[in-house]
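As C-alpha cells, the structure follows; a few thoughts come after it.
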Amino acid sequence: LLLRRGIASCIDPSAGLSEEQKEFQKVALDFAAQEMAPHMAEWDEKEIFPVETMRKAAQLGFGGIYVKPDVGGSGLSRLDTSVIFEALSTGCTSTTAYMSIHNMCVWMIDTFGNEEQRHKFCPSLCSMEKFASYCLTEPGSGSDAASLLTAAQRKGDTYVLNGSKAFISGGGDTDVYVVMCRTGGPGPKGISCLVVEKGTPGLSFGKKERKVGWNSQPTRAVIFEDCIVPVGNRLGAEGQGFSIAMKGLNGGRINIASCSLGAAHASVLLARDHLTVRKQFGEPLANNQYLQFRLAEMATRLVAARLMVRHAARALQEGQEDAAVLCSMAKLFATDECFLICNQALQMHGGYGYLKDYAVQQFVRDIRVHQILEGTNEVMRMIVARNLLQG
C-alpha cells in the first residue's frame with residue numbers, strides 16, 4: 001500500500017536511473033510490497049527466518065545479484081545492487097539486510113574461489129537453496145578485526161579449526177560459513193579464509209541472541225572445536241583472508257547503507273501519510289509549519305544519502321582508487337542520517353509511533369544496528385580521516 005500511492009517526485013528513488021534499472025527496481029518494490037511488508041511485523045514478533053520468501057526473491061535473481069552468471073548469479077553492477085536492496089528494504093529491512101550479507105558471501109566465493117569452488121558453492125547459494133553467513137567478528141575482536149584468534153592448523157590436506165565467532169547473522173540456520181581464521185603469525189597477514197559447511201564435525205552454535213531489531217534473522221555464536229576443514233575449502237592463498245574480508249565489506253557497506261535508505265524512504269512516506277490524517281488543535285498536523293520543515297529536512301537528508309551511496313557504488317564498480325574510502329563515507333553518512341530520519345518519523349507519529357501496530361517503530365529498531373555492523377561508524381570516521389591525513 002505504501003508504495004502504491006505514488007512517490008513524491010522530490011524523493012523518487014528512480015531519479016537518474018536507466019530504463020533497465022527502473023525495471024528491476026519496480027520488480028523489487030513490488031516484491032517488497034506484496035511478499036515482505038504484509039509479514040514484516042509477524043517475522044519480527046515471532047522471530048521467523050523467512051526462508052521461502054527469500055527463495056522467491058532468489059527466483060527474481062536476488063540471491064547472487066553481483067555474482068557472475070555462469071554459476072547462477074545475475075551479473076549486475078554495484079549500483080544495480082544498491083537500487084535493489086533499497087527497494088526490498090521498504091518491505092522488511094531486517095530480512096533484506098540478511099540477504100545483503102548472503103550476497104556478499106556468495107560474491108566472495110565467486111571472486112576469490114577457484115573454478116571448482118565456484119561451481120560447487122555458488123549455484124545453490126544464488127538460488128538460496130542454501131544460505132551463507134559471514135564469520136569475522138569474535139567475542140574479543142570487533143573493530144580490531146585483525147586481532148582475531150580463531151586459528152586453523154594445517155595437517156596434511158586439512159585444517160584443524162578452533163575458536164569462536166560472535167554476532168553471526170544466520171548462524172545455526174545457514175549452510176555455508178565464510179570464516180576468517182589465523183593460519184600464520186599475528187596481524188592481518190596471518191589470516192586466511194575458509195568455507196566451512198554445516199554438518200562438519202566440530203562445528204556448533206551458541207544460543208540464539210535476543211535482539212532489539214533484526215529479529216527476522218537468527219544471530220548466534222559460531223563455535224569451532226577441532227573442526228576438520230579440507231584445504232580445498234580455502235579461498236585464495238594462505239594469508240590472503242584479511243584482504244578478502246575487507247574487499248567483501250566494501251560492498252557490504254554499500255549494501256547495508258542501501259538497506260537504511262529503504263527504511264528511511266518508507267518512514268518518510270509513513271510520516272507524510274500520518275501528518276495528513278492526524279488532527280490536533282482543530283486541523284491536520286500537515287498544516288503545522290514546524291512539522292512541514294522537519295519533513296522537508298528528512299526528505300533532503302534522504303536524497304543526499306542516496307546520492308552518496310550511489311556515488312560510492314559506481315566508484316567500487318569502476319575500481320576507483322578511493323572506492324574503499326567512499327564506501328566508508330557512504331556507510332557512515334547514510335546509516336547515521338537514515339536512523340535520524342526514521343526516529344523523526346516515529347516522533348511525528350506521537351504516541352502511535354511507539355506502538356507495535358505501526359511499522360515506523362520497527363524501521364527504527366531494525367536500522368539502529370546498521371551504525372554498528374559492517375564496521376562501526378567510528379571506524380568509518382577513522383578510515384576517512386586516515387585517507388585525508390595521508391593526503
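In the C-alpha cells, the first chain shown is A, the next is B, and so on; residue numbers restart at 1 for each chain, and ligands run from 1 in the order shown.
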From a DSSP pass on the backbone, collect the residues of region 34-194 of chain A flagged as alpha helix (DSSP H) and hand them back as a PyMOL selection string. chain A and resi 40-46+51-59+78-89+93-112+115-126
Would you write out, as JSON lines, a table of all residues in region 243-289 of chain A that have an atom no more than 9 Å from an atom of region 170-192 of chain A, listing for each the closest atom pair and the distance in Å to one decimal, considering only C-alpha atoms and ordering rows by chain and rising residue number?
{"residue": "A:Ser243", "atom": "CA", "partner": "A:Pro188", "partner_atom": "CA", "distance": 8.0}
{"residue": "A:Ile244", "atom": "CA", "partner": "A:Ser192", "partner_atom": "CA", "distance": 8.6}
{"residue": "A:Ala245", "atom": "CA", "partner": "A:Met180", "partner_atom": "CA", "distance": 7.4}
Nearest to Ala304 (chain A) among A:Leu389, A:Cys10, A:Cys259, A:Val106, with distances taken over only C-alpha atoms: which residue is it? A:Cys10
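Each of A:Thr90, A:Ser74, A:Gln25, A:Ser260 was compared to Pro38 (chain A) using only C-alpha atoms, and A:Thr90 turns out to be the nearest.
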Mind running region 32-130 of chain A against region 193-197 of chain A at 12 Å and telling me each contacting residue's nearest atom pair with the distance in Å (one decimal), counting only C-alpha atoms, chain and number ascending, as a Markdown table?
| residue | atom | partner | partner_atom | distance |
| --- | --- | --- | --- | --- |
| A:Cys105 | CA | A:Val195 | CA | 9.9 |
| A:Val106 | CA | A:Val195 | CA | 10.8 |
| A:Met108 | CA | A:Cys193 | CA | 9.9 |
| A:Ile109 | CA | A:Val195 | CA | 8.5 |
| A:Phe112 | CA | A:Cys193 | CA | 9.7 |
| A:Gly113 | CA | A:Val195 | CA | 9.9 |
| A:Gln117 | CA | A:Val195 | CA | 9.5 |
| A:Arg118 | CA | A:Val195 | CA | 11.5 |
| A:Lys120 | CA | A:Val195 | CA | 11.4 |
| A:Phe121 | CA | A:Val195 | CA | 9.4 |
| A:Cys122 | CA | A:Val195 | CA | 11.9 |
| A:Lys130 | CA | A:Glu197 | CA | 10.5 |
Output N, CA, C and O atoms of each residue in that selection to a file, as a PDB file, in the first residue's frame.
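The resulting file, result.pdb, is shown below:
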ATOM      1  N   CYS A 105      28.684 -12.856   0.787  1.00  0.00           N
ATOM      2  CA  CYS A 105      29.397 -14.138   0.923  1.00  0.00           C
ATOM      3  C   CYS A 105      29.519 -14.859  -0.419  1.00  0.00           C
ATOM      4  O   CYS A 105      30.582 -15.381  -0.757  1.00  0.00           O
ATOM      5  N   VAL A 106      28.417 -14.886  -1.182  1.00  0.00           N
ATOM      6  CA  VAL A 106      28.459 -15.575  -2.474  1.00  0.00           C
ATOM      7  C   VAL A 106      29.448 -14.871  -3.402  1.00  0.00           C
ATOM      8  O   VAL A 106      30.213 -15.523  -4.125  1.00  0.00           O
ATOM      9  N   MET A 108      32.113 -13.274  -2.527  1.00  0.00           N
ATOM     10  CA  MET A 108      33.486 -13.591  -2.087  1.00  0.00           C
ATOM     11  C   MET A 108      33.933 -14.952  -2.639  1.00  0.00           C
ATOM     12  O   MET A 108      35.056 -15.105  -3.103  1.00  0.00           O
ATOM     13  N   ILE A 109      33.014 -15.931  -2.606  1.00  0.00           N
ATOM     14  CA  ILE A 109      33.357 -17.251  -3.154  1.00  0.00           C
ATOM     15  C   ILE A 109      33.525 -17.158  -4.671  1.00  0.00           C
ATOM     16  O   ILE A 109      34.467 -17.719  -5.251  1.00  0.00           O
ATOM     17  N   PHE A 112      36.961 -14.940  -5.294  1.00  0.00           N
ATOM     18  CA  PHE A 112      38.262 -15.412  -4.797  1.00  0.00           C
ATOM     19  C   PHE A 112      38.402 -16.927  -4.833  1.00  0.00           C
ATOM     20  O   PHE A 112      39.491 -17.459  -4.605  1.00  0.00           O
ATOM     21  N   GLY A 113      37.285 -17.625  -5.117  1.00  0.00           N
ATOM     22  CA  GLY A 113      37.361 -19.078  -5.217  1.00  0.00           C
ATOM     23  C   GLY A 113      37.897 -19.517  -6.565  1.00  0.00           C
ATOM     24  O   GLY A 113      37.858 -18.767  -7.544  1.00  0.00           O
ATOM     25  N   GLN A 117      35.576 -24.497  -6.681  1.00  0.00           N
ATOM     26  CA  GLN A 117      34.845 -23.923  -5.551  1.00  0.00           C
ATOM     27  C   GLN A 117      33.630 -23.124  -6.011  1.00  0.00           C
ATOM     28  O   GLN A 117      32.543 -23.222  -5.438  1.00  0.00           O
ATOM     29  N   ARG A 118      33.828 -22.330  -7.057  1.00  0.00           N
ATOM     30  CA  ARG A 118      32.724 -21.504  -7.573  1.00  0.00           C
ATOM     31  C   ARG A 118      31.546 -22.385  -7.976  1.00  0.00           C
ATOM     32  O   ARG A 118      30.405 -22.114  -7.631  1.00  0.00           O
ATOM     33  N   LYS A 120      30.962 -25.465  -7.121  1.00  0.00           N
ATOM     34  CA  LYS A 120      30.447 -26.280  -6.011  1.00  0.00           C
ATOM     35  C   LYS A 120      29.469 -25.479  -5.144  1.00  0.00           C
ATOM     36  O   LYS A 120      28.396 -25.971  -4.786  1.00  0.00           O
ATOM     37  N   PHE A 121      29.847 -24.249  -4.789  1.00  0.00           N
ATOM     38  CA  PHE A 121      29.073 -23.499  -3.783  1.00  0.00           C
ATOM     39  C   PHE A 121      28.066 -22.503  -4.364  1.00  0.00           C
ATOM     40  O   PHE A 121      26.969 -22.343  -3.832  1.00  0.00           O
ATOM     41  N   CYS A 122      28.438 -21.808  -5.434  1.00  0.00           N
ATOM     42  CA  CYS A 122      27.636 -20.643  -5.850  1.00  0.00           C
ATOM     43  C   CYS A 122      26.235 -20.967  -6.380  1.00  0.00           C
ATOM     44  O   CYS A 122      25.284 -20.252  -6.023  1.00  0.00           O
ATOM     45  N   LYS A 130      20.534 -22.919  -0.531  1.00  0.00           N
ATOM     46  CA  LYS A 130      21.389 -22.858   0.664  1.00  0.00           C
ATOM     47  C   LYS A 130      21.667 -21.394   1.002  1.00  0.00           C
ATOM     48  O   LYS A 130      21.613 -20.523   0.126  1.00  0.00           O
TER      49      LYS A 130
END
List as a Markdown table every residue of region 66-143 of chain A that is in contact with region 210-229 of chain A, defined as an atom at most 8 Å from one of its atoms (using only C-alpha atoms), together with the nearest atom pair and the distance in Å rounded to one decimal, sorted by chain and then rising number.
| residue | atom | partner | partner_atom | distance |
| --- | --- | --- | --- | --- |
| A:Thr93 | CA | A:Trp214 | CA | 7.8 |
| A:Ser94 | CA | A:Trp214 | CA | 4.6 |
| A:Thr95 | CA | A:Ser216 | CA | 5.9 |
| A:Tyr98 | CA | A:Gln217 | CA | 6.7 |
| A:Cys135 | CA | A:Val222 | CA | 8.0 |
Write out as a PDB file with N, CA, C and O atoms, in the first residue's frame the residues lying within 10 Å of His39 (chain A), counting only C-alpha atoms and excluding same-chain residues fewer than 6 positions away.
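Generated output (selection-v8.pdb):
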ATOM      1  N   ALA A  33       6.439  -4.899  -1.453  1.00  0.00           N
ATOM      2  CA  ALA A  33       5.076  -4.517  -1.065  1.00  0.00           C
ATOM      3  C   ALA A  33       4.170  -5.733  -0.909  1.00  0.00           C
ATOM      4  O   ALA A  33       3.324  -5.772  -0.004  1.00  0.00           O
ATOM      5  N   ILE A  48      10.791 -15.133  12.963  1.00  0.00           N
ATOM      6  CA  ILE A  48      10.746 -16.101  11.858  1.00  0.00           C
ATOM      7  C   ILE A  48      11.819 -15.737  10.828  1.00  0.00           C
ATOM      8  O   ILE A  48      11.916 -14.589  10.409  1.00  0.00           O
ATOM      9  N   PRO A  50      12.470 -15.994   7.227  1.00  0.00           N
ATOM     10  CA  PRO A  50      11.534 -16.290   6.138  1.00  0.00           C
ATOM     11  C   PRO A  50      12.199 -16.913   4.914  1.00  0.00           C
ATOM     12  O   PRO A  50      12.348 -16.298   3.853  1.00  0.00           O
ATOM     13  N   THR A  53      10.239 -17.051   1.497  1.00  0.00           N
ATOM     14  CA  THR A  53      10.132 -15.734   0.866  1.00  0.00           C
ATOM     15  C   THR A  53      11.455 -15.355   0.199  1.00  0.00           C
ATOM     16  O   THR A  53      11.472 -14.823  -0.916  1.00  0.00           O
ATOM     17  N   GLY A  91      10.145  -3.123   2.311  1.00  0.00           N
ATOM     18  CA  GLY A  91       9.211  -4.168   2.722  1.00  0.00           C
ATOM     19  C   GLY A  91       9.572  -4.825   4.029  1.00  0.00           C
ATOM     20  O   GLY A  91       8.711  -5.117   4.857  1.00  0.00           O
ATOM     21  N   CYS A  92      10.860  -5.110   4.240  1.00  0.00           N
ATOM     22  CA  CYS A  92      11.357  -5.614   5.532  1.00  0.00           C
ATOM     23  C   CYS A  92      12.864  -5.408   5.561  1.00  0.00           C
ATOM     24  O   CYS A  92      13.610  -6.088   4.858  1.00  0.00           O
TER      25      CYS A  92
END
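Coordinates place CA of Lys22 (chain A) at a distance of 25.6 Å from CA of Met329 (chain A).
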Non-local contacts of Met128 (chain A) (6 Å; only C-alpha atoms; under 3 positions in same chain excluded) as a list in words: Arg55, Gly63, Leu125 and Phe131 of chain A
Write out the residues from the selection above, keeping N, CA and C atoms, as an mmCIF file, in the first residue's frame.
data_model
loop_
_atom_site.group_PDB
_atom_site.id
_atom_site.type_symbol
_atom_site.label_atom_id
_atom_site.label_comp_id
_atom_site.auth_asym_id
_atom_site.auth_seq_id
_atom_site.Cartn_x
_atom_site.Cartn_y
_atom_site.Cartn_z
ATOM 1 N N ARG A 55 13.661 -17.404 -0.936
ATOM 2 C CA ARG A 55 13.830 -18.250 -2.132
ATOM 3 C C ARG A 55 13.024 -17.705 -3.296
ATOM 4 N N GLY A 63 19.456 -13.575 -5.268
ATOM 5 C CA GLY A 63 20.277 -14.406 -4.386
ATOM 6 C C GLY A 63 21.771 -14.264 -4.644
ATOM 7 N N LEU A 125 23.742 -21.364 -3.640
ATOM 8 C CA LEU A 125 23.618 -20.129 -2.857
ATOM 9 C C LEU A 125 22.852 -19.068 -3.644
ATOM 10 N N PHE A 131 21.985 -21.156 2.265
ATOM 11 C CA PHE A 131 22.229 -19.795 2.752
ATOM 12 C C PHE A 131 23.636 -19.693 3.343
#
